[in-house]
>>> print(open('model.cif').read())   # mmCIF, C-alpha atoms
data_entry
#
loop_
_atom_site.label_atom_id
_atom_site.label_comp_id
_atom_site.auth_asym_id
_atom_site.auth_seq_id
_atom_site.Cartn_x
_atom_site.Cartn_y
_atom_site.Cartn_z
CA MET A 275 173.69 169.99 257.51
CA PRO A 276 172.94 169.85 261.26
CA GLY A 277 175.94 169.06 263.40
CA ASP A 278 175.60 165.32 263.94
CA GLU A 279 177.53 165.55 267.18
CA PHE A 280 174.82 167.87 268.61
CA LEU A 281 171.67 165.83 268.19
CA PRO A 282 168.63 167.33 269.92
CA LYS A 283 167.48 165.31 272.92
CA SER A 284 164.22 164.49 271.10
CA VAL A 285 166.10 162.78 268.22
CA ASP A 286 166.72 159.03 268.50
CA PRO A 287 170.38 158.54 267.50
CA ASP A 288 169.72 154.93 266.51
CA LYS A 289 166.79 155.49 264.15
CA ALA A 290 166.50 157.35 260.87
CA SER A 291 163.56 159.72 260.63
CA VAL A 292 161.05 159.34 257.82
CA ALA A 293 160.87 163.14 257.44
CA ARG A 294 164.64 163.62 257.48
CA MET A 295 165.22 160.76 255.01
CA TYR A 296 162.78 162.41 252.62
CA ASP A 297 164.61 165.70 253.10
CA ALA A 298 167.86 163.93 252.15
CA MET A 299 166.18 162.37 249.09
CA LEU A 300 165.25 165.85 247.91
CA GLY A 301 168.75 167.20 248.48
CA GLY A 302 167.91 169.03 251.70
CA GLU A 303 170.32 169.84 254.50
CA HIS A 304 168.22 169.11 257.59
CA ASN A 305 169.20 165.49 258.18
CA TYR A 306 171.70 163.51 260.20
CA ALA A 307 174.22 160.74 259.58
CA MET A 308 171.79 157.93 260.44
CA ASP A 309 169.27 159.38 257.95
CA ARG A 310 171.85 159.54 255.16
CA GLU A 311 173.08 156.03 255.96
CA ALA A 312 169.54 154.67 255.78
CA LEU A 313 169.02 156.52 252.48
CA ALA A 314 172.22 154.96 251.12
CA ALA A 315 170.78 151.54 251.99
CA PHE A 316 167.50 152.51 250.29
CA THR A 317 169.42 153.64 247.20
CA ALA A 318 171.17 150.28 247.06
CA ILE A 319 167.72 148.66 246.87
CA ASP A 320 166.28 151.18 244.40
CA PRO A 321 168.84 153.46 242.68
CA GLN A 322 166.12 155.80 241.43
CA VAL A 323 164.73 156.64 244.87
CA ARG A 324 165.71 160.30 244.55
CA THR A 325 163.96 160.49 241.16
CA LEU A 326 160.86 158.97 242.73
CA ALA A 327 160.96 161.49 245.57
CA ARG A 328 161.17 164.36 243.09
CA ALA A 329 158.25 162.93 241.10
CA ASN A 330 156.22 162.69 244.29
CA ARG A 331 157.05 166.29 245.18
CA ALA A 332 156.10 167.43 241.67
CA PHE A 333 152.72 165.69 242.06
CA LEU A 334 152.10 167.57 245.32
CA GLN A 335 152.71 170.88 243.59
CA ARG A 336 150.51 169.98 240.60
CA ALA A 337 147.74 168.83 242.93
CA VAL A 338 147.84 172.05 244.94
CA ARG A 339 147.63 174.14 241.76
CA PHE A 340 144.73 171.96 240.53
CA LEU A 341 142.92 172.42 243.83
CA ALA A 342 143.52 176.16 243.82
CA ASP A 343 142.06 176.32 240.31
CA ALA A 344 139.06 174.39 241.67
CA GLY A 345 138.45 177.11 244.24
CA VAL A 346 140.19 175.63 247.29
CA ARG A 347 141.80 178.22 249.56
CA GLN A 348 142.40 176.05 252.63
CA PHE A 349 144.82 173.15 252.93
CA ILE A 350 145.78 170.71 255.69
CA ASP A 351 149.08 169.01 254.83
CA LEU A 352 149.47 165.85 256.93
CA GLY A 353 152.96 164.48 257.40
CA SER A 354 154.31 167.63 255.77
CA GLY A 355 157.95 166.93 256.55
CA ILE A 356 160.84 169.37 256.49
CA PRO A 357 160.33 172.52 254.41
CA THR A 358 162.02 172.58 251.02
CA GLN A 359 161.43 174.45 247.76
CA GLY A 360 157.86 174.61 246.50
CA ASN A 361 156.09 174.08 249.80
CA VAL A 362 152.29 173.91 249.85
CA HIS A 363 151.80 177.46 251.17
CA GLU A 364 154.18 178.84 248.55
CA VAL A 365 152.39 177.09 245.68
CA ALA A 366 148.89 177.80 247.01
CA GLN A 367 149.52 181.44 247.87
CA ALA A 368 151.19 182.06 244.51
CA ALA A 369 148.14 180.59 242.75
CA ALA A 370 145.60 182.22 245.07
CA PRO A 371 146.88 184.92 247.46
CA GLY A 372 145.36 184.58 250.90
CA SER A 373 145.23 180.78 250.81
CA ARG A 374 145.58 179.24 254.25
CA VAL A 375 147.73 176.22 255.05
CA VAL A 376 148.13 174.14 258.20
CA TYR A 377 151.07 171.75 258.20
CA VAL A 378 151.11 168.72 260.50
CA ASP A 379 154.13 166.64 261.51
CA ASN A 380 155.51 164.98 264.63
CA ASP A 381 159.21 165.00 263.71
CA PRO A 382 160.92 167.59 265.95
CA VAL A 383 163.28 168.80 263.23
CA ALA A 384 160.39 169.19 260.75
CA VAL A 385 158.30 171.08 263.28
CA ALA A 386 161.16 173.40 264.30
CA HIS A 387 162.12 174.31 260.76
CA SER A 388 158.49 174.75 259.71
CA ALA A 389 157.84 177.08 262.64
CA SER A 390 160.90 179.13 261.70
CA LEU A 391 159.90 179.35 258.04
CA LEU A 392 156.30 180.30 258.78
CA GLY A 393 156.97 182.82 261.53
CA GLY A 394 156.12 185.80 259.36
CA ASN A 395 153.22 184.24 257.46
CA PRO A 396 149.84 184.84 259.13
CA ASP A 397 148.09 182.42 256.76
CA ALA A 398 150.21 179.33 257.51
CA ASP A 399 151.14 177.42 260.66
CA ILE A 400 152.46 174.05 261.88
CA VAL A 401 150.85 171.58 264.27
CA ASP A 402 153.08 169.21 266.22
CA ALA A 403 150.85 166.14 266.10
CA ASP A 404 150.55 162.57 264.89
CA ILE A 405 148.30 161.73 261.94
CA ARG A 406 147.08 158.74 263.97
CA GLN A 407 145.21 161.21 266.23
CA PRO A 408 142.87 163.05 263.84
CA ALA A 409 140.78 164.55 266.64
CA ASP A 410 143.83 166.23 268.16
CA ILE A 411 144.71 167.76 264.79
CA LEU A 412 141.20 168.91 263.98
CA SER A 413 140.77 170.52 267.40
CA SER A 414 144.21 172.17 267.46
CA PRO A 415 144.39 175.97 267.86
CA GLN A 416 146.13 176.26 264.48
CA VAL A 417 143.35 174.46 262.62
CA ARG A 418 140.65 176.33 264.52
CA ARG A 419 142.31 179.66 263.66
CA LEU A 420 143.03 179.07 259.99
CA ILE A 421 140.51 176.53 258.68
CA ASP A 422 136.81 177.24 258.15
CA PHE A 423 135.04 173.92 257.54
CA ASP A 424 132.07 175.70 256.03
CA ARG A 425 134.24 176.50 253.01
CA PRO A 426 136.25 174.22 250.67
CA VAL A 427 139.13 172.41 252.39
CA ALA A 428 141.70 170.03 250.92
CA VAL A 429 143.45 167.41 253.03
CA LEU A 430 146.82 166.32 251.65
CA MET A 431 148.15 162.88 252.59
CA VAL A 432 151.21 162.71 250.37
CA THR A 433 153.70 159.93 251.14
CA ILE A 434 152.29 159.38 254.62
CA LEU A 435 149.69 156.59 254.70
CA HIS A 436 152.14 153.83 253.82
CA PHE A 437 153.76 154.62 257.19
CA ILE A 438 150.48 153.62 258.86
CA THR A 439 150.18 149.92 259.61
CA SER A 440 147.03 147.95 258.93
CA GLU A 441 146.45 147.69 262.68
CA GLU A 442 146.49 151.50 262.88
CA SER A 443 143.70 151.65 260.24
CA PRO A 444 144.72 154.03 257.48
CA ALA A 445 141.14 153.91 256.15
CA GLY A 446 139.85 154.96 259.56
CA ILE A 447 142.25 157.91 259.64
CA VAL A 448 141.14 159.05 256.18
CA ALA A 449 137.48 158.62 257.18
CA ALA A 450 137.95 160.83 260.24
CA PHE A 451 139.25 163.68 258.10
CA ARG A 452 136.68 162.99 255.37
CA ASP A 453 133.83 163.27 257.87
CA ALA A 454 135.18 166.63 259.05
CA LEU A 455 135.27 168.02 255.52
CA PRO A 456 132.42 169.99 253.96
CA ASP A 457 130.65 168.54 250.92
CA ASN A 458 133.08 170.40 248.68
CA GLY A 459 136.11 168.98 250.49
CA TRP A 460 139.03 167.29 248.78
CA LEU A 461 141.62 164.58 249.37
CA ALA A 462 144.99 164.24 247.62
CA LEU A 463 147.29 161.34 248.40
CA THR A 464 150.19 159.26 247.22
CA HIS A 465 150.94 155.74 248.46
CA ALA A 466 153.60 153.11 247.76
CA THR A 467 152.39 149.94 246.04
CA ASN A 468 153.59 146.36 246.39
CA GLU A 469 152.24 145.26 243.00
CA ASP A 470 154.73 146.64 240.47
CA ARG A 471 157.98 145.75 242.19
CA PRO A 472 157.09 143.42 245.07
CA ASP A 473 160.68 142.46 245.87
CA THR A 474 161.70 146.11 246.07
CA ALA A 475 158.70 146.99 248.22
CA ALA A 476 159.45 144.10 250.57
CA ALA A 477 163.11 145.07 250.89
CA VAL A 478 162.26 148.72 251.55
CA GLY A 479 159.68 147.65 254.11
CA GLN A 480 162.31 145.62 255.95
CA LEU A 481 164.75 148.54 255.81
CA TYR A 482 162.29 150.96 257.39
CA ARG A 483 161.25 148.42 260.03
CA SER A 484 164.84 147.91 261.13
CA ARG A 485 166.36 151.37 260.71
CA ALA A 486 163.67 154.06 260.72
CA THR A 487 161.13 155.54 263.12
CA SER A 488 158.17 154.17 261.14
CA PRO A 489 157.67 150.98 259.10
CA VAL A 490 156.47 150.99 255.50
CA THR A 491 153.37 149.05 254.45
CA ALA A 492 153.07 149.09 250.66
CA ARG A 493 149.60 148.22 249.38
CA SER A 494 147.85 147.10 246.22
CA HIS A 495 146.06 149.42 243.81
CA ALA A 496 142.73 148.05 245.06
CA GLU A 497 143.67 148.65 248.70
CA ILE A 498 144.80 152.21 248.00
CA LEU A 499 141.63 152.84 246.03
CA THR A 500 139.51 152.03 249.10
CA LEU A 501 141.13 154.99 250.88
CA PHE A 502 139.06 157.18 248.53
CA ASP A 503 135.77 155.75 249.83
CA GLY A 504 133.32 158.66 249.94
CA PHE A 505 135.26 160.63 247.34
CA ASP A 506 134.87 160.88 243.57
CA LEU A 507 138.25 160.48 241.92
CA MET A 508 139.18 163.17 239.45
CA PRO A 509 140.58 162.11 236.06
CA PRO A 510 142.92 160.39 235.39
CA GLY A 511 142.03 158.42 238.54
CA LEU A 512 144.50 156.54 240.73
CA VAL A 513 147.62 156.32 238.58
CA HIS A 514 151.39 156.07 238.89
CA VAL A 515 152.64 159.33 240.31
CA PRO A 516 154.26 160.79 237.16
CA LEU A 517 151.05 160.18 235.16
CA TRP A 518 148.80 162.40 237.28
CA ARG A 519 148.23 165.45 235.08
CA PRO A 520 151.88 166.02 234.11
CA THR A 521 152.89 169.38 232.73
CA PRO A 522 155.13 169.67 229.65
CA ASP A 523 158.06 170.14 232.06
CA ASP A 524 157.35 166.92 233.97
CA PRO A 525 159.21 163.85 232.68
CA VAL A 526 156.90 160.94 231.84
CA PRO A 527 158.80 157.63 231.99
CA ALA A 528 158.46 154.97 229.33
CA ASN A 529 157.65 152.46 232.07
CA PRO A 530 155.59 154.30 234.74
CA SER A 531 155.39 151.19 236.95
CA GLU A 532 159.07 151.76 237.79
CA TYR A 533 157.65 154.58 239.92
CA TRP A 534 156.03 152.28 242.44
CA VAL A 535 153.79 154.95 243.99
CA TYR A 536 150.17 155.71 243.09
CA ALA A 537 148.65 159.19 243.20
CA GLY A 538 145.11 160.52 243.10
CA VAL A 539 142.86 163.45 243.97
CA GLY A 540 139.23 163.06 244.98
CA ARG A 541 136.30 165.34 245.79
CA LYS A 542 134.02 164.44 248.68
CA ARG A 543 130.79 162.87 247.52
CA SER A 544 127.65 164.75 248.58
#
>>> encode(input="model.cif", output="structure tokens")
Amino acid sequence: MPGDEFLPKSVDPDKASVARMYDAMLGGEHNYAMDREALAAFTAIDPQVRTLARANRAFLQRAVRFLADAGVRQFIDLGSGIPTQGNVHEVAQAAAPGSRVVYVDNDPVAVAHSASLLGGNPDADIVDADIRQPADILSSPQVRRLIDFDRPVAVLMVTILHFITSEESPAGIVAAFRDALPDNGWLALTHATNEDRPDTAAAVGQLYRSRATSPVTARSHAEILTLFDGFDLMPPGLVHVPLWRPTPDDPVPANPSEYWVYAGVGRKRS
């Protein structure tokens, strides 16, 4: 793990990072004491948070393979976080060599480790940017170099939009990327819901507001569904994350609503 006594100047010592907390959930090593302490508080609220994180990661990998099978060779991964096993470029390039991936994150640790990992890969790069500024991302040199918007492109918004407040207009952010996509563009996302376990969602929201760099805004199934405006949802639709096209190796819980995150993949409507 990073030496906690040598925090980079860009790291707030009083706030856990969303990206680094997720890294800790997945068993990564690129996190600090305040991230692990916040995760311990999260685990006290929901003891299966690590299981949920793994299920979310498994969805991302299934979605990328599905998109590669559908002919997608270009991916923009928003809020990509700190690299771990089974990253988007690894999955996509294994399924379809030559696939191009642009990662986007604004956490300095995530950006630094991504840049290090991707240094020898000409078909993948990282943009240091905020999802709240779609124009900056779409006009970045990395996107201009790697992404051809005349060919199929998939935008991945996995575990990111519930960190966007209502005032910051998550639907507006999605629409900005949707409008940049070609007719055969795609959107994959996961989003926390406040319907299945409202007390848990409220407690987690309070935790992130008080201890992390971004608050959490869990939303209803209907609200999350509106984020797919302009897209046709692929079967099985917007479902609990372990139910989206599981493989025989993916555990399917008896009570999927315990996994209080919805997942879906949509194709842009012509």
>>> closest_residue(input="model.cif", among="A:Thr433, A:Ser354, A:Gln322, A:Ser414", to="A:Leu463", atoms="only C-alpha atoms")
A:Thr433
>>> residues_around(input="model.cif", residues="A:Asp470", least_positions_apart="6", cutoff="12 Å", atoms="only C-alpha atoms", output="list in words")
Ala476, Ala492, Arg493, Ser494, His495, His514, Asn529, Pro530, Ser531, Glu532, Tyr533, Trp534, Val535 and Tyr536 of chain A
>>> residues_near_point(input="model.cif", point="(152.7, 172.9, 240.1)", cutoff="6 Å", atoms="only C-alpha atoms", output="list in words")
Gln335, Arg336 and Arg339 of chain A
>>> closest_residue(input="model.cif", among="A:Asp397, A:Glu469, A:Glu497, A:Asp457", to="A:Leu435", atoms="all atoms listed in the file")
A:Glu497
>>> residues_around(input="model.cif", residues="stretch 481-483 of chain A", least_positions_apart="4", cutoff="8 Å", atoms="only C-alpha atoms", output="PyMOL selection string")
chain A and resi 312+315-316+477+487-490
>>> atom_distance(input="model.cif", atom1="atom CA of A:Asn395", atom2="atom CA of A:Arg347")
15.1 Å
>>> residues_near_point(input="model.cif", point="(168.8, 154.7, 262.8)", cutoff="8 Å", atoms="only C-alpha atoms", output="JSON, numbers by chain")
{"A": [286, 287, 288, 289, 290, 291, 308, 309, 312, 485, 486, 487]}
>>> write_last_selection(input="model.cif", atoms="C-alpha atoms", output="PDB file, in the frame of the given file")
ATOM      1  CA  ASP A 286     166.720 159.030 268.500  1.00  0.00           C
ATOM      2  CA  PRO A 287     170.380 158.540 267.500  1.00  0.00           C
ATOM      3  CA  ASP A 288     169.720 154.930 266.510  1.00  0.00           C
ATOM      4  CA  LYS A 289     166.790 155.490 264.150  1.00  0.00           C
ATOM      5  CA  ALA A 290     166.500 157.350 260.870  1.00  0.00           C
ATOM      6  CA  SER A 291     163.560 159.720 260.630  1.00  0.00           C
ATOM      7  CA  MET A 308     171.790 157.930 260.440  1.00  0.00           C
ATOM      8  CA  ASP A 309     169.270 159.380 257.950  1.00  0.00           C
ATOM      9  CA  ALA A 312     169.540 154.670 255.780  1.00  0.00           C
ATOM     10  CA  ARG A 485     166.360 151.370 260.710  1.00  0.00           C
ATOM     11  CA  ALA A 486     163.670 154.060 260.720  1.00  0.00           C
ATOM     12  CA  THR A 487     161.130 155.540 263.120  1.00  0.00           C
TER      13      THR A 487
END
>>> resolve_selection(input="model.cif", expression="the PyMOL selection byres ((chain A and resi 300-306) around 8)", output="PyMOL selection string")
chain A and resi 275-278+294-299+307-310+324+327-328+356+358+383
>>> closest_residue(input="model.cif", among="A:Val478, A:Ala403, A:Val539, A:Ala528", to="A:Leu341", atoms="all atoms listed in the file")
A:Val539
>>> decode(input="model.cif", residues="stretch 449-509 of chain A", atoms="C-alpha atoms", output="PDB file, in the first residue's frame")
ATOM      1  CA  ALA A 449     -27.053  13.308 -23.052  1.00  0.00           C
ATOM      2  CA  ALA A 450     -23.833  15.143 -23.905  1.00  0.00           C
ATOM      3  CA  PHE A 451     -22.025  11.867 -24.512  1.00  0.00           C
ATOM      4  CA  ARG A 452     -25.057  10.336 -26.250  1.00  0.00           C
ATOM      5  CA  ASP A 453     -25.203  13.227 -28.705  1.00  0.00           C
ATOM      6  CA  ALA A 454     -21.512  12.736 -29.532  1.00  0.00           C
ATOM      7  CA  LEU A 455     -22.014   9.044 -30.296  1.00  0.00           C
ATOM      8  CA  PRO A 456     -22.721   7.697 -33.770  1.00  0.00           C
ATOM      9  CA  ASP A 457     -26.036   5.954 -34.417  1.00  0.00           C
ATOM     10  CA  ASN A 458     -24.421   2.642 -33.525  1.00  0.00           C
ATOM     11  CA  GLY A 459     -23.110   3.977 -30.217  1.00  0.00           C
ATOM     12  CA  TRP A 460     -23.617   2.278 -26.875  1.00  0.00           C
ATOM     13  CA  LEU A 461     -24.022   3.096 -23.183  1.00  0.00           C
ATOM     14  CA  ALA A 462     -23.321   0.760 -20.260  1.00  0.00           C
ATOM     15  CA  LEU A 463     -23.929   1.887 -16.701  1.00  0.00           C
ATOM     16  CA  THR A 464     -24.497   0.811 -13.135  1.00  0.00           C
ATOM     17  CA  HIS A 465     -26.150   2.977 -10.487  1.00  0.00           C
ATOM     18  CA  ALA A 466     -27.035   2.590  -6.808  1.00  0.00           C
ATOM     19  CA  THR A 467     -30.744   2.495  -5.988  1.00  0.00           C
ATOM     20  CA  ASN A 468     -32.611   3.774  -2.943  1.00  0.00           C
ATOM     21  CA  GLU A 469     -35.618   1.486  -3.443  1.00  0.00           C
ATOM     22  CA  ASP A 470     -34.450  -1.930  -2.236  1.00  0.00           C
ATOM     23  CA  ARG A 471     -32.677  -0.928   0.953  1.00  0.00           C
ATOM     24  CA  PRO A 472     -33.564   2.720   1.603  1.00  0.00           C
ATOM     25  CA  ASP A 473     -32.077   2.840   5.095  1.00  0.00           C
ATOM     26  CA  THR A 474     -28.783   1.442   3.825  1.00  0.00           C
ATOM     27  CA  ALA A 475     -28.720   3.843   0.889  1.00  0.00           C
ATOM     28  CA  ALA A 476     -29.419   6.789   3.194  1.00  0.00           C
ATOM     29  CA  ALA A 477     -26.679   5.763   5.631  1.00  0.00           C
ATOM     30  CA  VAL A 478     -24.145   5.270   2.847  1.00  0.00           C
ATOM     31  CA  GLY A 479     -25.122   8.627   1.377  1.00  0.00           C
ATOM     32  CA  GLN A 480     -24.448  10.308   4.713  1.00  0.00           C
ATOM     33  CA  LEU A 481     -21.112   8.501   5.031  1.00  0.00           C
ATOM     34  CA  TYR A 482     -19.892   9.704   1.639  1.00  0.00           C
ATOM     35  CA  ARG A 483     -21.118  13.242   2.283  1.00  0.00           C
ATOM     36  CA  SER A 484     -19.166  13.471   5.519  1.00  0.00           C
ATOM     37  CA  ARG A 485     -16.030  11.456   4.766  1.00  0.00           C
ATOM     38  CA  ALA A 486     -15.426  11.208   1.015  1.00  0.00           C
ATOM     39  CA  THR A 487     -14.574  13.497  -1.877  1.00  0.00           C
ATOM     40  CA  SER A 488     -17.977  12.992  -3.539  1.00  0.00           C
ATOM     41  CA  PRO A 489     -21.480  12.444  -2.133  1.00  0.00           C
ATOM     42  CA  VAL A 490     -23.692   9.529  -3.156  1.00  0.00           C
ATOM     43  CA  THR A 491     -27.167  10.096  -4.585  1.00  0.00           C
ATOM     44  CA  ALA A 492     -28.974   6.765  -4.892  1.00  0.00           C
ATOM     45  CA  ARG A 493     -31.959   6.841  -7.246  1.00  0.00           C
ATOM     46  CA  SER A 494     -35.083   4.870  -8.061  1.00  0.00           C
ATOM     47  CA  HIS A 495     -35.365   2.361 -10.885  1.00  0.00           C
ATOM     48  CA  ALA A 496     -37.521   4.848 -12.806  1.00  0.00           C
ATOM     49  CA  GLU A 497     -34.980   7.646 -12.345  1.00  0.00           C
ATOM     50  CA  ILE A 498     -32.090   5.447 -13.476  1.00  0.00           C
ATOM     51  CA  LEU A 499     -34.128   4.291 -16.453  1.00  0.00           C
ATOM     52  CA  THR A 500     -34.450   7.889 -17.682  1.00  0.00           C
ATOM     53  CA  LEU A 501     -30.651   7.998 -18.050  1.00  0.00           C
ATOM     54  CA  PHE A 502     -31.145   5.664 -21.025  1.00  0.00           C
ATOM     55  CA  ASP A 503     -33.303   8.207 -22.879  1.00  0.00           C
ATOM     56  CA  GLY A 504     -32.370   7.910 -26.552  1.00  0.00           C
ATOM     57  CA  PHE A 505     -31.084   4.359 -26.130  1.00  0.00           C
ATOM     58  CA  ASP A 506     -32.772   0.993 -26.642  1.00  0.00           C
ATOM     59  CA  LEU A 507     -32.066  -1.228 -23.660  1.00  0.00           C
ATOM     60  CA  MET A 508     -30.708  -4.646 -24.473  1.00  0.00           C
ATOM     61  CA  PRO A 509     -32.277  -7.676 -22.761  1.00  0.00           C
TER      62      PRO A 509
END
